[in-house]
Amino acid sequence: MGQPIRGTWFEFQHHSRAEGVHWNPACAAFAADDWDAKVAEMAAAGMEYLVLMAVALDYRAFYPTRLLPPWELPCADPLAALLAAADRHQVRVFVGSGFWGQWDSPTILADPEARRRRLAAVEELATRYGHHPSFHGWYWPNEAEIRGHYRPEFITYVSEGARLARQLMPSALHLIAPYGTNMVQADDDYVRQLDLLDVDIVAYQDEVGVRKSAPEQTGAYYEALRRVHDRAERAALWADVEIFEFAGETYRSALLPANFARVERQLEAVSPYVDVVLVYQYQGMMNRPGSQVFAGHPDSTRLYSDYQTWRAAQSPRLR
C-alpha cells in the first residue's frame with residue numbers, strides 16, 4: 001500500500017518553456033485571487049506542503065526587490081499572494097531561494113553575483129515575508145547530482161545559505177531534493193556528508209519521469225537511503241515522486257501527466273522507506289475537473305480523478 005501524496009512542488013513559471021508549454025501561459029495570467037483559488041484546490045486535494053521552486057527566474061523576480069527587475073504579471077507580488085493563500089488554507093510553504101543566476105549553468109554555485117543576490121534575497125525574504133504562518137521553511141533549488149556522494153561545493157552552497165537563514169528564522173526547516181538517487185553509495189562517507197549538510201529534510205527524486213529509473217527499481221534505492229538516514233544525526237528522508245512523462249525527447253519536450261497505474265507503482269515502491277511523499281508536480285499534471293483556474297494538459301483531470309479515487313480508498317474517512 002502506498003502513502004498518499006502530502007505535498008507538491010509549486011512555481012509561478014516553469015523554468016523550461018518546452019516542458020511547461022501546457023501550464024506556463026495560464027499561470028502567467030493569474031491574478032492574486034487565481035493563486036488563492038489554486039492553492040485552495042491543492043489543499044483540498046490533500047497537499048499539506050508546497051515547495052516553491054524559485055522566487056526569481058531568467059533574471060527577473062517574482063516579488064518586489066531591487067536585486068532584479070520584476071516579471072510583468074497581473075499579480076504584482078506573486079510570492080505575497082502565495083503565502084497569503086497558504087495562510088488561509090493552512091498549507092505549509094518551503095520558499096525556494098533561487099534562481100539568482102542562469103538556472104541551468106553548471107557554474108551557478110560559484111557565480112559571485114548569483115551568490116551575492118542569493119544571500120541578499122534570504123535577508124529580504126525573511127524580513128518581508130517571515131511573518132506568514134505558512135512560511136514553513138526554505139528550499140535550496142540548485143539541485144545536487146549525487147555521483148556516489150555530494151560534491152563539496154554543493155555542501156558549501158547549502159550550508160552557507162542555511163547558516164544565514166537560520167539566524168533570521170531559527171524555527172524554519174530546510175529542504176533539498178537531489179537527483180542521482182540511483183547512484184548513491186550508501187556508505188560511511190555518505191553518512192558523514194548527511195551530517196555536514198545543514199538541512200532538515202532530503203527529498204530524493206525518484207527519477208521515473210526523467211526515464212532514469214523504473215518503479216520496480218526505486219524501492220531498493222530508498223531502502224538503502226533509509227539505512228544511511230537512520231545512521232545520520234539529522235535529515236529526515238522524504239521522496240520526490242515524478243508524476244509526469246515527456247511527450248518526446250527528455251528535457252526537450254512538453255511534460256504530460258503520467259497514467260495513474262504507473263504513479264501508483266511509484267508510490268508503493270517508496271512508501272515503506274520514506275516519512276513523507278512529495279510529487280513533482282501538481283501544477284500542469286493535475287487539475288480538478290471543472291477548475292476555474294485550470295493550468296495544464298487536458299489529461300491532468302484524469303490523473304487528478306484517478307488519484308483522488310485511490311486516495312479515498314486508502315483513507316475511508318476521505319470518502
# chains A, B, ... in the order shown; residues from 1 in each chain; ligands from 1

$ residues_around --residues "Leu82 (chain A)" --least-positions-apart "2" --cutoff "8 Å" --atoms "only C-alpha atoms" --output "number ranges by chain"
A: 32, 35-36, 39, 78-80, 84-86

$ residues_around --residues "region 267-284 of chain A" --least-positions-apart "6" --cutoff "7 Å" --atoms "only C-alpha atoms" --output "NGL selection string"
:A and (1-3 or 5-10 or 22-23 or 215 or 218-219 or 222-223 or 226 or 237-243 or 295-297 or 300)

$ closest_residue --among "A:Ser105, A:Asp77, A:Val55, A:Gln266" --to "Gln217 (chain A)" --atoms "only C-alpha atoms"
A:Gln266

$ closest_residue --among "A:Ala220, A:Ala126, A:Val210, A:Ala172" --to "Ala247 (chain A)" --atoms "only C-alpha atoms"
A:Val210

$ atom_distance --atom1 "CA of His149 (chain A)" --atom2 "CA of Ala186 (chain A)"
8.6 Å

$ closest_residue --among "A:Phe12, A:His89, A:Phe30, A:Arg17" --to "Leu52 (chain A)" --atoms "only C-alpha atoms"
A:Phe12

$ residues_around --residues "region 118-124 of chain A" --least-positions-apart "5" --cutoff "7 Å" --atoms "only C-alpha atoms" --output "number ranges by chain"
A: 97-98, 100, 161, 165

$ closest_residue --among "A:Leu57, A:Ala203, A:Leu168, A:Tyr221" --to "Met183 (chain A)" --atoms "only C-alpha atoms"
A:Tyr221

$ residues_around --residues "Leu109 (chain A)" --least-positions-apart "5" --cutoff "8 Å" --atoms "only C-alpha atoms" --output "mmCIF file with N, CA and C atoms, in the first residue's frame"
data_model
loop_
_atom_site.group_PDB
_atom_site.id
_atom_site.type_symbol
_atom_site.label_atom_id
_atom_site.label_comp_id
_atom_site.auth_asym_id
_atom_site.auth_seq_id
_atom_site.Cartn_x
_atom_site.Cartn_y
_atom_site.Cartn_z
ATOM 1 N N ALA A 114 25.555 35.746 -8.504
ATOM 2 C CA ALA A 114 24.410 34.939 -8.083
ATOM 3 C C ALA A 114 24.453 34.699 -6.582
ATOM 4 N N ARG A 115 25.640 34.447 -6.055
ATOM 5 C CA ARG A 115 25.783 34.247 -4.604
ATOM 6 C C ARG A 115 25.395 35.513 -3.852
ATOM 7 N N ASN A 142 19.148 24.800 -6.306
ATOM 8 C CA ASN A 142 20.204 24.377 -7.224
ATOM 9 C C ASN A 142 20.567 22.937 -6.891
ATOM 10 N N GLU A 153 31.238 21.522 -3.202
ATOM 11 C CA GLU A 153 30.695 22.858 -3.438
ATOM 12 C C GLU A 153 29.195 22.917 -3.182
ATOM 13 N N PHE A 154 28.488 21.796 -3.349
ATOM 14 C CA PHE A 154 27.064 21.791 -3.024
ATOM 15 C C PHE A 154 26.865 21.877 -1.516
ATOM 16 N N TYR A 157 27.417 25.462 -0.604
ATOM 17 C CA TYR A 157 26.283 26.300 -1.038
ATOM 18 C C TYR A 157 25.107 26.190 -0.068
#

$ atom_distance --atom1 "CA of Leu68 (chain A)" --atom2 "CA of Ser171 (chain A)"
28.1 Å

$ residues_around --residues "Arg231 (chain A)" --least-positions-apart "4" --cutoff "12 Å" --atoms "only C-alpha atoms" --output "PyMOL selection string"
chain A and resi 186-195+224-227+235-237

$ write_last_selection --atoms "N, CA and C atoms" --output "PDB file, in the first residue's frame"
ATOM      1  N   ALA A 186      25.652   4.231  -0.397  1.00  0.00           N
ATOM      2  CA  ALA A 186      25.136   4.321   0.975  1.00  0.00           C
ATOM      3  C   ALA A 186      26.174   3.776   1.946  1.00  0.00           C
ATOM      4  N   ASP A 187      27.257   4.545   2.131  1.00  0.00           N
ATOM      5  CA  ASP A 187      28.382   4.085   2.937  1.00  0.00           C
ATOM      6  C   ASP A 187      28.670   5.075   4.059  1.00  0.00           C
ATOM      7  N   ASP A 188      29.756   4.858   4.792  1.00  0.00           N
ATOM      8  CA  ASP A 188      30.110   5.727   5.920  1.00  0.00           C
ATOM      9  C   ASP A 188      30.356   7.164   5.471  1.00  0.00           C
ATOM     10  N   ASP A 189      30.987   7.340   4.321  1.00  0.00           N
ATOM     11  CA  ASP A 189      31.239   8.695   3.827  1.00  0.00           C
ATOM     12  C   ASP A 189      29.935   9.425   3.534  1.00  0.00           C
ATOM     13  N   TYR A 190      28.955   8.695   3.038  1.00  0.00           N
ATOM     14  CA  TYR A 190      27.669   9.327   2.756  1.00  0.00           C
ATOM     15  C   TYR A 190      26.981   9.749   4.058  1.00  0.00           C
ATOM     16  N   VAL A 191      27.069   8.936   5.086  1.00  0.00           N
ATOM     17  CA  VAL A 191      26.511   9.302   6.386  1.00  0.00           C
ATOM     18  C   VAL A 191      27.176  10.576   6.898  1.00  0.00           C
ATOM     19  N   ARG A 192      28.494  10.667   6.750  1.00  0.00           N
ATOM     20  CA  ARG A 192      29.209  11.859   7.203  1.00  0.00           C
ATOM     21  C   ARG A 192      28.759  13.093   6.428  1.00  0.00           C
ATOM     22  N   GLN A 193      28.510  12.927   5.132  1.00  0.00           N
ATOM     23  CA  GLN A 193      28.044  14.067   4.349  1.00  0.00           C
ATOM     24  C   GLN A 193      26.646  14.509   4.788  1.00  0.00           C
ATOM     25  N   LEU A 194      25.786  13.580   5.107  1.00  0.00           N
ATOM     26  CA  LEU A 194      24.464  13.948   5.604  1.00  0.00           C
ATOM     27  C   LEU A 194      24.577  14.772   6.877  1.00  0.00           C
ATOM     28  N   ASP A 195      25.535  14.445   7.714  1.00  0.00           N
ATOM     29  CA  ASP A 195      25.712  15.204   8.945  1.00  0.00           C
ATOM     30  C   ASP A 195      26.329  16.573   8.688  1.00  0.00           C
ATOM     31  N   ALA A 224      18.047   1.513   0.743  1.00  0.00           N
ATOM     32  CA  ALA A 224      19.433   1.827   1.102  1.00  0.00           C
ATOM     33  C   ALA A 224      19.532   3.211   1.733  1.00  0.00           C
ATOM     34  N   LEU A 225      18.768   4.161   1.199  1.00  0.00           N
ATOM     35  CA  LEU A 225      18.767   5.505   1.780  1.00  0.00           C
ATOM     36  C   LEU A 225      18.219   5.501   3.198  1.00  0.00           C
ATOM     37  N   ARG A 226      17.212   4.673   3.445  1.00  0.00           N
ATOM     38  CA  ARG A 226      16.651   4.580   4.789  1.00  0.00           C
ATOM     39  C   ARG A 226      17.720   4.145   5.789  1.00  0.00           C
ATOM     40  N   ARG A 227      18.570   3.210   5.368  1.00  0.00           N
ATOM     41  CA  ARG A 227      19.611   2.725   6.274  1.00  0.00           C
ATOM     42  C   ARG A 227      20.604   3.832   6.629  1.00  0.00           C
ATOM     43  N   ALA A 235      18.376  15.120   9.180  1.00  0.00           N
ATOM     44  CA  ALA A 235      17.879  14.980   7.812  1.00  0.00           C
ATOM     45  C   ALA A 235      16.877  13.845   7.664  1.00  0.00           C
ATOM     46  N   ALA A 236      15.594  14.215   7.764  1.00  0.00           N
ATOM     47  CA  ALA A 236      14.512  13.265   7.501  1.00  0.00           C
ATOM     48  C   ALA A 236      14.551  12.839   6.038  1.00  0.00           C
ATOM     49  N   LEU A 237      14.067  11.639   5.767  1.00  0.00           N
ATOM     50  CA  LEU A 237      14.054  11.072   4.420  1.00  0.00           C
ATOM     51  C   LEU A 237      12.648  11.199   3.827  1.00  0.00           C
TER      52      LEU A 237
END

$ select_by_dssp --residues "region 125-260 of chain A" --states "strand (DSSP E or B)" --output "number ranges by chain"
A: 135-139, 145, 147, 149, 173-176, 179, 201-205, 236-242, 244-246, 255-257

$ write_last_selection --atoms "N, CA and C atoms" --output "JSON list (two decimals), in the first residue's frame"
[["chain", "number", "residue", "atom", "x", "y", "z"],
["A", 135, "PHE", "N", 5.00, 30.28, 6.05],
["A", 135, "PHE", "CA", 6.41, 30.26, 5.66],
["A", 135, "PHE", "C", 7.09, 29.24, 6.58],
["A", 136, "HIS", "N", 7.04, 28.01, 6.14],
["A", 136, "HIS", "CA", 7.45, 26.87, 6.98],
["A", 136, "HIS", "C", 8.93, 26.58, 6.90],
["A", 137, "GLY", "N", 9.54, 26.92, 5.76],
["A", 137, "GLY", "CA", 10.94, 26.60, 5.61],
["A", 137, "GLY", "C", 11.50, 27.10, 4.30],
["A", 138, "TRP", "N", 12.73, 26.67, 4.04],
["A", 138, "TRP", "CA", 13.49, 27.09, 2.87],
["A", 138, "TRP", "C", 13.79, 25.87, 2.01],
["A", 139, "TYR", "N", 13.79, 26.11, 0.69],
["A", 139, "TYR", "CA", 14.21, 25.09, -0.26],
["A", 139, "TYR", "C", 15.41, 25.64, -1.04],
["A", 145, "GLU", "N", 23.54, 16.76, -8.12],
["A", 145, "GLU", "CA", 23.61, 15.43, -8.69],
["A", 145, "GLU", "C", 24.54, 14.61, -7.80],
["A", 147, "ARG", "N", 26.77, 11.75, -7.46],
["A", 147, "ARG", "CA", 27.53, 10.71, -8.16],
["A", 147, "ARG", "C", 28.27, 9.89, -7.10],
["A", 149, "HIS", "N", 28.43, 10.39, -4.07],
["A", 149, "HIS", "CA", 28.40, 11.30, -2.93],
["A", 149, "HIS", "C", 28.12, 12.71, -3.42],
["A", 173, "LEU", "N", 12.44, 25.15, 8.65],
["A", 173, "LEU", "CA", 13.12, 23.93, 8.22],
["A", 173, "LEU", "C", 13.79, 24.14, 6.86],
["A", 174, "HIS", "N", 14.73, 23.25, 6.53],
["A", 174, "HIS", "CA", 15.49, 23.39, 5.29],
["A", 174, "HIS", "C", 15.41, 22.08, 4.51],
["A", 175, "LEU", "N", 15.08, 22.21, 3.22],
["A", 175, "LEU", "CA", 14.81, 21.08, 2.34],
["A", 175, "LEU", "C", 15.70, 21.14, 1.11],
["A", 176, "ILE", "N", 16.22, 19.97, 0.71],
["A", 176, "ILE", "CA", 16.86, 19.83, -0.60],
["A", 176, "ILE", "C", 16.24, 18.62, -1.31],
["A", 179, "TYR", "N", 19.19, 14.78, -7.15],
["A", 179, "TYR", "CA", 18.98, 13.70, -8.11],
["A", 179, "TYR", "C", 20.21, 12.80, -8.12],
["A", 201, "ILE", "N", 15.60, 18.07, 5.84],
["A", 201, "ILE", "CA", 14.86, 17.12, 5.02],
["A", 201, "ILE", "C", 15.59, 16.94, 3.70],
["A", 202, "VAL", "N", 15.73, 15.68, 3.27],
["A", 202, "VAL", "CA", 16.23, 15.38, 1.93],
["A", 202, "VAL", "C", 15.13, 14.61, 1.21],
["A", 203, "ALA", "N", 14.59, 15.22, 0.15],
["A", 203, "ALA", "CA", 13.53, 14.59, -0.64],
["A", 203, "ALA", "C", 14.14, 14.15, -1.97],
["A", 204, "TYR", "N", 14.54, 12.89, -2.05],
["A", 204, "TYR", "CA", 15.24, 12.40, -3.23],
["A", 204, "TYR", "C", 14.28, 12.21, -4.40],
["A", 205, "GLN", "N", 14.71, 12.64, -5.58],
["A", 205, "GLN", "CA", 13.93, 12.45, -6.79],
["A", 205, "GLN", "C", 13.93, 10.96, -7.16],
["A", 236, "ALA", "N", 15.59, 14.22, 7.76],
["A", 236, "ALA", "CA", 14.51, 13.27, 7.50],
["A", 236, "ALA", "C", 14.55, 12.84, 6.04],
["A", 237, "LEU", "N", 14.07, 11.64, 5.77],
["A", 237, "LEU", "CA", 14.05, 11.07, 4.42],
["A", 237, "LEU", "C", 12.65, 11.20, 3.83],
["A", 238, "TRP", "N", 12.52, 12.02, 2.78],
["A", 238, "TRP", "CA", 11.28, 12.17, 2.05],
["A", 238, "TRP", "C", 11.52, 11.72, 0.60],
["A", 239, "ALA", "N", 10.43, 11.60, -0.16],
["A", 239, "ALA", "CA", 10.53, 11.25, -1.57],
["A", 239, "ALA", "C", 9.98, 12.38, -2.43],
["A", 240, "ASP", "N", 10.59, 12.55, -3.59],
["A", 240, "ASP", "CA", 10.12, 13.46, -4.62],
["A", 240, "ASP", "C", 9.74, 12.59, -5.82],
["A", 241, "VAL", "N", 8.47, 12.23, -5.91],
["A", 241, "VAL", "CA", 7.99, 11.29, -6.91],
["A", 241, "VAL", "C", 7.55, 12.06, -8.16],
["A", 242, "GLU", "N", 8.06, 11.65, -9.30],
["A", 242, "GLU", "CA", 7.81, 12.36, -10.55],
["A", 242, "GLU", "C", 6.56, 11.80, -11.22],
["A", 244, "PHE", "N", 5.08, 12.89, -13.96],
["A", 244, "PHE", "CA", 5.00, 13.35, -15.33],
["A", 244, "PHE", "C", 5.67, 12.34, -16.26],
["A", 245, "GLU", "N", 5.47, 12.57, -17.55],
["A", 245, "GLU", "CA", 6.25, 11.91, -18.58],
["A", 245, "GLU", "C", 6.50, 12.92, -19.68],
["A", 246, "PHE", "N", 7.48, 12.67, -20.50],
["A", 246, "PHE", "CA", 7.80, 13.58, -21.60],
["A", 246, "PHE", "C", 7.01, 13.20, -22.84],
["A", 255, "LEU", "N", 6.00, 18.36, -20.82],
["A", 255, "LEU", "CA", 5.66, 17.43, -19.75],
["A", 255, "LEU", "C", 4.17, 17.13, -19.79],
["A", 256, "LEU", "N", 3.85, 15.85, -19.66],
["A", 256, "LEU", "CA", 2.46, 15.38, -19.67],
["A", 256, "LEU", "C", 2.18, 14.60, -18.40],
["A", 257, "PRO", "N", 0.91, 14.53, -17.98],
["A", 257, "PRO", "CA", 0.59, 13.71, -16.80],
["A", 257, "PRO", "C", 0.84, 12.23, -17.07]]

$ select_by_dssp --residues "region 116-309 of chain A" --states "alpha helix (DSSP H)" --output "compact mmCIF listing (two decimals) with N, CA and C atoms, in the first residue's frame"
# COMPACT_ATOMS: atom_id res chain seq x y z
N ARG A 116 25.84 36.68 -4.31
CA ARG A 116 25.51 37.94 -3.64
C ARG A 116 24.01 38.15 -3.62
N ARG A 117 23.37 37.95 -4.77
CA ARG A 117 21.92 38.14 -4.83
C ARG A 117 21.20 37.12 -3.93
N ARG A 118 21.67 35.87 -3.96
CA ARG A 118 21.00 34.82 -3.19
C ARG A 118 21.01 35.14 -1.69
N LEU A 119 22.15 35.56 -1.16
CA LEU A 119 22.23 35.84 0.27
C LEU A 119 21.46 37.12 0.62
N ALA A 120 21.52 38.11 -0.27
CA ALA A 120 20.73 39.32 -0.03
C ALA A 120 19.24 39.00 -0.05
N ALA A 121 18.85 38.10 -0.94
CA ALA A 121 17.44 37.73 -1.03
C ALA A 121 16.97 37.00 0.21
N VAL A 122 17.82 36.15 0.79
CA VAL A 122 17.43 35.46 2.03
C VAL A 122 17.06 36.49 3.09
N GLU A 123 17.86 37.53 3.22
CA GLU A 123 17.54 38.57 4.20
C GLU A 123 16.24 39.28 3.85
N GLU A 124 16.06 39.63 2.59
CA GLU A 124 14.82 40.28 2.17
C GLU A 124 13.61 39.41 2.45
N LEU A 125 13.70 38.16 2.05
CA LEU A 125 12.54 37.27 2.17
C LEU A 125 12.17 37.05 3.63
N ALA A 126 13.16 36.85 4.47
CA ALA A 126 12.88 36.66 5.89
C ALA A 126 12.24 37.91 6.50
N THR A 127 12.75 39.07 6.11
CA THR A 127 12.25 40.34 6.68
C THR A 127 10.83 40.65 6.19
N ARG A 128 10.59 40.45 4.89
CA ARG A 128 9.31 40.87 4.30
C ARG A 128 8.20 39.83 4.48
N TYR A 129 8.58 38.56 4.49
CA TYR A 129 7.55 37.52 4.44
C TYR A 129 7.61 36.54 5.60
N PRO A 152 31.61 18.72 -2.83
CA PRO A 152 31.88 19.65 -1.72
C PRO A 152 31.25 21.02 -1.94
N GLU A 153 31.24 21.52 -3.20
CA GLU A 153 30.69 22.86 -3.44
C GLU A 153 29.19 22.92 -3.18
N PHE A 154 28.49 21.80 -3.35
CA PHE A 154 27.06 21.79 -3.02
C PHE A 154 26.87 21.88 -1.52
N ILE A 155 27.65 21.16 -0.76
CA ILE A 155 27.56 21.23 0.71
C ILE A 155 27.84 22.65 1.17
N THR A 156 28.83 23.32 0.56
CA THR A 156 29.15 24.70 0.93
C THR A 156 27.99 25.63 0.60
N TYR A 157 27.42 25.46 -0.60
CA TYR A 157 26.28 26.30 -1.04
C TYR A 157 25.11 26.19 -0.07
N VAL A 158 24.73 24.97 0.28
CA VAL A 158 23.59 24.78 1.17
C VAL A 158 23.90 25.31 2.57
N SER A 159 25.06 24.97 3.06
CA SER A 159 25.39 25.32 4.45
C SER A 159 25.52 26.83 4.63
N GLU A 160 26.08 27.53 3.63
CA GLU A 160 26.21 28.98 3.72
C GLU A 160 24.83 29.65 3.75
N GLY A 161 23.95 29.23 2.85
CA GLY A 161 22.62 29.81 2.85
C GLY A 161 21.84 29.47 4.10
N ALA A 162 21.94 28.23 4.54
CA ALA A 162 21.19 27.80 5.72
C ALA A 162 21.68 28.51 6.98
N ARG A 163 22.98 28.76 7.05
CA ARG A 163 23.52 29.44 8.24
C ARG A 163 22.88 30.81 8.40
N LEU A 164 22.80 31.56 7.31
CA LEU A 164 22.18 32.88 7.37
C LEU A 164 20.68 32.76 7.63
N ALA A 165 20.01 31.86 6.93
CA ALA A 165 18.56 31.72 7.09
C ALA A 165 18.19 31.30 8.50
N ARG A 166 19.00 30.47 9.12
CA ARG A 166 18.69 30.03 10.49
C ARG A 166 18.86 31.18 11.49
N GLN A 167 19.76 32.09 11.21
CA GLN A 167 19.89 33.26 12.08
C GLN A 167 18.63 34.13 12.02
N LEU A 168 18.06 34.22 10.82
CA LEU A 168 16.91 35.10 10.61
C LEU A 168 15.59 34.45 10.98
N ASP A 188 29.76 4.86 4.79
CA ASP A 188 30.11 5.73 5.92
C ASP A 188 30.36 7.16 5.47
N ASP A 189 30.99 7.34 4.32
CA ASP A 189 31.24 8.70 3.83
C ASP A 189 29.93 9.43 3.53
N TYR A 190 28.95 8.70 3.04
CA TYR A 190 27.67 9.33 2.76
C TYR A 190 26.98 9.75 4.06
N VAL A 191 27.07 8.94 5.09
CA VAL A 191 26.51 9.30 6.39
C VAL A 191 27.18 10.58 6.90
N ARG A 192 28.49 10.67 6.75
CA ARG A 192 29.21 11.86 7.20
C ARG A 192 28.76 13.09 6.43
N GLN A 193 28.51 12.93 5.13
CA GLN A 193 28.04 14.07 4.35
C GLN A 193 26.65 14.51 4.79
N LEU A 194 25.79 13.58 5.11
CA LEU A 194 24.46 13.95 5.60
C LEU A 194 24.58 14.77 6.88
N ASP A 195 25.54 14.44 7.71
CA ASP A 195 25.71 15.20 8.94
C ASP A 195 26.33 16.57 8.69
N LEU A 196 27.09 16.71 7.59
CA LEU A 196 27.66 18.01 7.24
C LEU A 196 26.62 18.93 6.60
N PRO A 215 9.75 2.14 -11.67
CA PRO A 215 9.15 1.91 -10.35
C PRO A 215 9.60 0.62 -9.70
N GLU A 216 9.92 -0.38 -10.50
CA GLU A 216 10.35 -1.68 -9.96
C GLU A 216 11.76 -1.61 -9.37
N GLN A 217 12.49 -0.53 -9.64
CA GLN A 217 13.86 -0.39 -9.15
C GLN A 217 13.97 0.52 -7.92
N THR A 218 13.05 1.48 -7.80
CA THR A 218 13.27 2.55 -6.83
C THR A 218 13.17 2.10 -5.38
N GLY A 219 12.40 1.04 -5.10
CA GLY A 219 12.30 0.57 -3.73
C GLY A 219 13.65 0.23 -3.14
N ALA A 220 14.51 -0.41 -3.93
CA ALA A 220 15.84 -0.77 -3.44
C ALA A 220 16.68 0.47 -3.16
N TYR A 221 16.53 1.50 -3.99
CA TYR A 221 17.29 2.72 -3.75
C TYR A 221 16.89 3.38 -2.43
N TYR A 222 15.58 3.47 -2.20
CA TYR A 222 15.11 4.13 -0.98
C TYR A 222 15.34 3.27 0.26
N GLU A 223 15.35 1.98 0.11
CA GLU A 223 15.68 1.11 1.24
C GLU A 223 17.11 1.37 1.70
N ALA A 224 18.05 1.51 0.74
CA ALA A 224 19.43 1.83 1.10
C ALA A 224 19.53 3.21 1.73
N LEU A 225 18.77 4.16 1.20
CA LEU A 225 18.77 5.51 1.78
C LEU A 225 18.22 5.50 3.20
N ARG A 226 17.21 4.67 3.45
CA ARG A 226 16.65 4.58 4.79
C ARG A 226 17.72 4.14 5.79
N ARG A 227 18.57 3.21 5.37
CA ARG A 227 19.61 2.73 6.27
C ARG A 227 20.60 3.83 6.63
N VAL A 228 21.04 4.61 5.63
CA VAL A 228 22.03 5.65 5.95
C VAL A 228 21.38 6.81 6.70
N HIS A 229 20.14 7.14 6.39
CA HIS A 229 19.49 8.22 7.13
C HIS A 229 19.25 7.82 8.58
N ASP A 230 18.98 6.57 8.83
CA ASP A 230 18.81 6.12 10.21
C ASP A 230 20.11 6.22 11.00
N ARG A 231 21.24 6.18 10.32
CA ARG A 231 22.54 6.30 10.99
C ARG A 231 22.97 7.75 11.17
N PHE A 260 -2.13 6.93 -13.95
CA PHE A 260 -2.08 6.66 -12.52
C PHE A 260 -1.60 5.25 -12.21
N ALA A 261 -1.75 4.32 -13.11
CA ALA A 261 -1.23 2.97 -12.84
C ALA A 261 0.27 3.02 -12.57
N ARG A 262 0.99 3.84 -13.34
CA ARG A 262 2.43 3.98 -13.08
C ARG A 262 2.68 4.73 -11.78
N VAL A 263 1.94 5.80 -11.55
CA VAL A 263 2.13 6.59 -10.33
C VAL A 263 1.87 5.73 -9.09
N GLU A 264 0.85 4.88 -9.15
CA GLU A 264 0.56 4.01 -8.01
C GLU A 264 1.75 3.11 -7.72
N ARG A 265 2.38 2.56 -8.75
CA ARG A 265 3.55 1.72 -8.53
C ARG A 265 4.69 2.52 -7.92
N GLN A 266 4.83 3.76 -8.34
CA GLN A 266 5.86 4.62 -7.76
C GLN A 266 5.62 4.86 -6.27
N LEU A 267 4.38 5.16 -5.92
CA LEU A 267 4.05 5.40 -4.51
C LEU A 267 4.28 4.15 -3.67
N GLU A 268 3.88 3.01 -4.19
CA GLU A 268 4.06 1.76 -3.44
C GLU A 268 5.53 1.43 -3.25
N ALA A 269 6.37 1.78 -4.22
CA ALA A 269 7.79 1.43 -4.14
C ALA A 269 8.51 2.21 -3.04
N VAL A 270 8.21 3.51 -2.91
CA VAL A 270 8.98 4.33 -1.97
C VAL A 270 8.36 4.39 -0.58
N TYR A 282 2.01 19.02 -8.94
CA TYR A 282 0.58 19.20 -9.17
C TYR A 282 0.33 20.11 -10.38
N GLN A 283 1.01 21.26 -10.41
CA GLN A 283 0.80 22.20 -11.50
C GLN A 283 1.10 21.54 -12.84
N GLY A 284 0.17 21.64 -13.74
CA GLY A 284 0.35 21.06 -15.05
C GLY A 284 -0.06 19.61 -15.14
N MET A 285 0.21 18.84 -14.06
CA MET A 285 -0.05 17.40 -14.09
C MET A 285 -1.40 17.04 -13.48
N SER A 300 -4.75 16.11 -17.36
CA SER A 300 -4.48 16.33 -15.93
C SER A 300 -5.72 16.09 -15.08
N THR A 301 -6.92 16.23 -15.64
CA THR A 301 -8.13 15.95 -14.85
C THR A 301 -8.27 14.45 -14.60
N ARG A 302 -7.80 13.64 -15.53
CA ARG A 302 -7.88 12.19 -15.35
C ARG A 302 -6.93 11.74 -14.24
N LEU A 303 -5.69 12.26 -14.26
CA LEU A 303 -4.76 11.89 -13.19
C LEU A 303 -5.29 12.36 -11.84
N TYR A 304 -5.85 13.57 -11.79
CA TYR A 304 -6.44 14.07 -10.54
C TYR A 304 -7.54 13.13 -10.05
N SER A 305 -8.46 12.77 -10.93
CA SER A 305 -9.61 11.96 -10.52
C SER A 305 -9.18 10.55 -10.12
N ASP A 306 -8.27 9.96 -10.89
CA ASP A 306 -7.80 8.62 -10.56
C ASP A 306 -7.07 8.61 -9.23
N TYR A 307 -6.27 9.65 -9.00
CA TYR A 307 -5.57 9.72 -7.71
C TYR A 307 -6.54 9.92 -6.56
N GLN A 308 -7.52 10.78 -6.72
CA GLN A 308 -8.46 11.03 -5.63
C GLN A 308 -9.30 9.79 -5.33
N THR A 309 -9.64 9.01 -6.34
CA THR A 309 -10.35 7.76 -6.11
C THR A 309 -9.49 6.80 -5.29

$ closest_residue --among "A:Val199, A:Val91, A:Met169, A:Ala144" --to "Glu41 (chain A)" --atoms "only C-alpha atoms"
A:Val91

$ atom_distance --atom1 "CA of Gly101 (chain A)" --atom2 "CA of Ala61 (chain A)"
11.2 Å
